[in-house]
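All remarks here apply to the structure that follows.
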Amino acid sequence: MQIKNIFTILIIILLFSAQSYFQLSYAAENRDACDRDCVNDYGTHLGTTRNGVVAYSNCNNDCVVFEAERYQGTYTGVKWQCVEFARRWLLINYGVIYGDVDYAIDIWDKIDHYSRVKDNKEIKLTALLNGSARAPVKGDLLIYAKALLGTGHVAVVVAADNKTNTLFIAEQNYSNEKWLNNFSRKISYVKKDGRYWLLEPYLIGWKHAEIESLI
């Protein structure tokens with residue numbers, strides 16, 4: 001009986017050691033990707049939103065540096081991933097954050113509320129598929145399918161122009177190119193039969209919360 005228990009313990013130790021080895025190898029491999037084929041060098045200032053939220057280059061989409069970023073003591077995510085920027089933007093603008101996710105796509109299924117930092121109050125999030133009867137507004141998170149970059153992507157709507165059917169978004173680790181304005185990209189949309197369709201490949205939809213009232 002004792003031999004069997006010792007054998008079981010040895011197997012567990014070996015499995016744990018192998019897992020740790022592969023995790024370290026993966027981290028090293030992805031860290032190496034931050035030193036080659038950069039669109040802009042890792043950590044380069046790409047742009048700043050109208051209210052002063054800075055986006056930084058992640059070099060390229062394969063780069064992963066497991067280093068935590070914090071804003072005024074609150075964890076915002078892994079530098080300089082798209083998930084980190086979206087969380088930091090929400091924190092600076094509305095004082096809310098969302099929970100941890102492994103990939104940006106996980107925000108769609110696994111995140112159903114924001115938490116207000118000052119008192120931990122929960123603010124419900126609604127998932128709206130592309131083609132929803134409710135248009136995206138400032139503060140909404142655009143969520144992209146895993147087929148994009150193998151992880152999905154998240155971007156923040158920072159402004160909307162209903163006259164030209166245009167959304168202005170901000171993000172990190174999409175193209176890693178410098179912004180030409182106080183947003184990273186424009187996205188057009190059409191309204192048909194009372195529904196809003198964003199003309200954007202891989203887009204699943206947007207997550208919405210009533211956060212304007214928190215200002």
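Going through the structure tokens in order, the chains are called A, B, and so on, while each chain numbers its residues from 1 and the ligands are numbered from 1 in the order shown.
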Per residue of region 75-171 of chain A within 7 Å of region 199-214 of chain A, note the shortest atom pair and the distance in Å to one decimal, counting only C-alpha atoms, and order the rows by chain and increasing residue number, as CSV.
```
residue,atom,partner,partner_atom,distance
A:Tyr94,CA,A:Leu214,CA,6.3
A:Ile123,CA,A:Ala209,CA,6.8
A:Lys124,CA,A:Ala209,CA,6.0
A:Leu125,CA,A:Ala209,CA,4.7
A:Thr126,CA,A:His208,CA,5.1
A:Ala127,CA,A:Lys207,CA,4.6
A:Leu128,CA,A:Trp206,CA,5.3
A:Leu129,CA,A:Gly205,CA,4.2
A:Asn130,CA,A:Gly205,CA,4.3
A:Pro136,CA,A:Trp206,CA,6.9
A:Asp140,CA,A:His208,CA,5.0
A:Leu141,CA,A:Lys207,CA,5.1
A:Leu142,CA,A:Trp206,CA,4.4
A:Ile143,CA,A:Gly205,CA,5.7
A:Tyr144,CA,A:Leu203,CA,4.3
A:Ala145,CA,A:Tyr202,CA,5.3
A:Leu148,CA,A:Tyr202,CA,6.4
```
Within 9 Å of Gly43 (chain A) using only C-alpha atoms, minus same-chain residues under 2 positions, as a CSV table (one decimal) with C-alpha atoms, in the first residue's frame:
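For reference, result-v9.csv as written:
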```csv
chain,number,residue,atom,x,y,z
A,40,ASN,CA,6.6,49.1,-33.3
A,41,ASP,CA,9.0,48.2,-30.4
A,45,HIS,CA,3.4,54.8,-27.1
A,46,LEU,CA,0.9,54.3,-29.9
A,55,ALA,CA,-2.2,52.6,-25.6
A,56,TYR,CA,1.2,50.8,-26.0
A,57,SER,CA,2.6,48.5,-28.6
A,58,ASN,CA,2.8,44.8,-27.9
A,59,CYS,CA,5.3,44.5,-30.8
A,79,LYS,CA,1.1,44.2,-20.6
A,80,TRP,CA,0.3,45.2,-23.4
```
- Message: So that I can check the secondary structure, give me every residue of region 51-199 of chain A assigned helix (DSSP H, G or I) by backbone DSSP, as a PyMOL selection string.
- Response: chain A and resi 82-94+106-110
Take the residues that were just selected and, keeping N, CA and C atoms, output them as a PDB file, in the first residue's frame.
```pdb
ATOM      1  N   CYS A  82      -4.719  43.350 -25.373  1.00  0.00           N
ATOM      2  CA  CYS A  82      -5.978  44.070 -25.615  1.00  0.00           C
ATOM      3  C   CYS A  82      -6.865  44.056 -24.371  1.00  0.00           C
ATOM      4  N   VAL A  83      -6.843  42.934 -23.643  1.00  0.00           N
ATOM      5  CA  VAL A  83      -7.664  42.818 -22.431  1.00  0.00           C
ATOM      6  C   VAL A  83      -7.242  43.852 -21.391  1.00  0.00           C
ATOM      7  N   GLU A  84      -5.930  44.087 -21.283  1.00  0.00           N
ATOM      8  CA  GLU A  84      -5.416  45.064 -20.326  1.00  0.00           C
ATOM      9  C   GLU A  84      -5.889  46.468 -20.662  1.00  0.00           C
ATOM     10  N   PHE A  85      -5.817  46.843 -21.925  1.00  0.00           N
ATOM     11  CA  PHE A  85      -6.232  48.199 -22.300  1.00  0.00           C
ATOM     12  C   PHE A  85      -7.704  48.432 -22.005  1.00  0.00           C
ATOM     13  N   ALA A  86      -8.549  47.481 -22.394  1.00  0.00           N
ATOM     14  CA  ALA A  86      -9.991  47.642 -22.184  1.00  0.00           C
ATOM     15  C   ALA A  86     -10.314  47.789 -20.700  1.00  0.00           C
ATOM     16  N   ARG A  87      -9.669  46.963 -19.870  1.00  0.00           N
ATOM     17  CA  ARG A  87      -9.913  47.042 -18.431  1.00  0.00           C
ATOM     18  C   ARG A  87      -9.422  48.380 -17.853  1.00  0.00           C
ATOM     19  N   ARG A  88      -8.259  48.824 -18.307  1.00  0.00           N
ATOM     20  CA  ARG A  88      -7.711  50.100 -17.814  1.00  0.00           C
ATOM     21  C   ARG A  88      -8.567  51.281 -18.269  1.00  0.00           C
ATOM     22  N   TRP A  89      -9.065  51.221 -19.500  1.00  0.00           N
ATOM     23  CA  TRP A  89      -9.932  52.294 -19.998  1.00  0.00           C
ATOM     24  C   TRP A  89     -11.203  52.399 -19.156  1.00  0.00           C
ATOM     25  N   LEU A  90     -11.805  51.269 -18.855  1.00  0.00           N
ATOM     26  CA  LEU A  90     -13.013  51.256 -18.026  1.00  0.00           C
ATOM     27  C   LEU A  90     -12.726  51.777 -16.626  1.00  0.00           C
ATOM     28  N   LEU A  91     -11.581  51.382 -16.081  1.00  0.00           N
ATOM     29  CA  LEU A  91     -11.212  51.816 -14.737  1.00  0.00           C
ATOM     30  C   LEU A  91     -11.027  53.328 -14.679  1.00  0.00           C
ATOM     31  N   ILE A  92     -10.314  53.897 -15.635  1.00  0.00           N
ATOM     32  CA  ILE A  92     -10.040  55.333 -15.645  1.00  0.00           C
ATOM     33  C   ILE A  92     -11.306  56.135 -15.915  1.00  0.00           C
ATOM     34  N   ASN A  93     -12.158  55.642 -16.802  1.00  0.00           N
ATOM     35  CA  ASN A  93     -13.357  56.387 -17.182  1.00  0.00           C
ATOM     36  C   ASN A  93     -14.521  56.220 -16.218  1.00  0.00           C
ATOM     37  N   TYR A  94     -14.707  54.994 -15.713  1.00  0.00           N
ATOM     38  CA  TYR A  94     -15.911  54.714 -14.936  1.00  0.00           C
ATOM     39  C   TYR A  94     -15.646  54.078 -13.575  1.00  0.00           C
ATOM     40  N   ASP A 106     -13.001  35.094 -24.177  1.00  0.00           N
ATOM     41  CA  ASP A 106     -13.690  34.629 -22.966  1.00  0.00           C
ATOM     42  C   ASP A 106     -14.589  35.701 -22.352  1.00  0.00           C
ATOM     43  N   ILE A 107     -14.343  36.954 -22.686  1.00  0.00           N
ATOM     44  CA  ILE A 107     -15.191  38.034 -22.170  1.00  0.00           C
ATOM     45  C   ILE A 107     -16.638  37.819 -22.611  1.00  0.00           C
ATOM     46  N   TRP A 108     -16.819  37.261 -23.790  1.00  0.00           N
ATOM     47  CA  TRP A 108     -18.176  37.079 -24.331  1.00  0.00           C
ATOM     48  C   TRP A 108     -19.010  36.131 -23.476  1.00  0.00           C
ATOM     49  N   ASP A 109     -18.450  34.992 -23.100  1.00  0.00           N
ATOM     50  CA  ASP A 109     -19.210  33.974 -22.379  1.00  0.00           C
ATOM     51  C   ASP A 109     -19.023  34.008 -20.864  1.00  0.00           C
ATOM     52  N   LYS A 110     -17.867  34.455 -20.404  1.00  0.00           N
ATOM     53  CA  LYS A 110     -17.518  34.285 -18.997  1.00  0.00           C
ATOM     54  C   LYS A 110     -17.657  35.548 -18.144  1.00  0.00           C
TER      55      LYS A 110
END
```
- Please identify all polymer residues within 9 Å of Ala33 (chain A), counting only C-alpha atoms, omitting same-chain residues fewer than 6 positions from it, and present them as a PyMOL selection string. chain A and resi 59-64
- Message: If DSSP is run on the backbone, what residues of region 96-144 of chain A are strand (DSSP E)? A reply as a list in words would be ideal.
- Response: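 Here are the strand (DSSP E) residues of region 96-144 of chain A: Val96, Ile97, His113, Tyr114, Ser115, Arg116, Glu122, Ile123, Lys124, Thr126, Ala127, Leu128, Leu129, Leu141, Leu142, Ile143 and Tyr144 of chain A.
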- Item | Coordinates-based distance that separates CA of Tyr71 (chain A) from CA of Gly52 (chain A) (Å, one decimal) |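 Atom-to-atom, CA of Gly52 (chain A) and CA of Tyr71 (chain A) are spaced 13.0 Å apart.
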- Could you give me, as an NGL selection string, the residues within 9 Å of Ala68 (chain A), counting only C-alpha atoms and dropping anything in the same chain fewer than 4 positions from it? :A and (75-79)
- Message: If we count only C-alpha atoms and set the cut-off at 7 Å, which residues sit around Ile187 (chain A), ignoring sequence neighbours fewer than 6 positions away in its own chain? Please answer as a PyMOL selection string.
- Response: chain A and resi 166-168+199
- Quick one: everything within 7 Å of Trp179 (chain A), counting only C-alpha atoms, minus sequence neighbours fewer than 2 positions away in the same chain. Send it as an NGL selection string. :A and (46-47 or 177 or 181 or 183-184)
- Query: Out of A:Ala155, A:Val65, A:Ala133, A:Val190, which residue has the shortest atom-to-atom distance to Gln172 (chain A) when counting only C-alpha atoms?
  - Reply: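 Ranking A:Ala155, A:Val65, A:Ala133, A:Val190 by distance to Gln172 (chain A), first place goes to A:Ala155.
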- If you measure from CA of Gly95 (chain A) to CA of Thr44 (chain A), what distance in Å do you get, rounded to one decimal? 25.6 Å
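Nearest-residue note for Tyr196 (chain A): choosing from A:Ser132, A:Asn165, A:Thr151, A:Asn182, the minimum distance belongs to A:Ser132, counting only C-alpha atoms.
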- Message: Report, in Å to a single decimal, how far apart CA of Gly194 (chain A) and CA of Val137 (chain A) are.
- Response: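 Computing it gives 15.9 Å between the two atoms.
Residue nearest Val96 (chain A), chosen from A:Val117, A:Leu198, A:Ile111, A:Ala170 and counting only C-alpha atoms: A:Val117.
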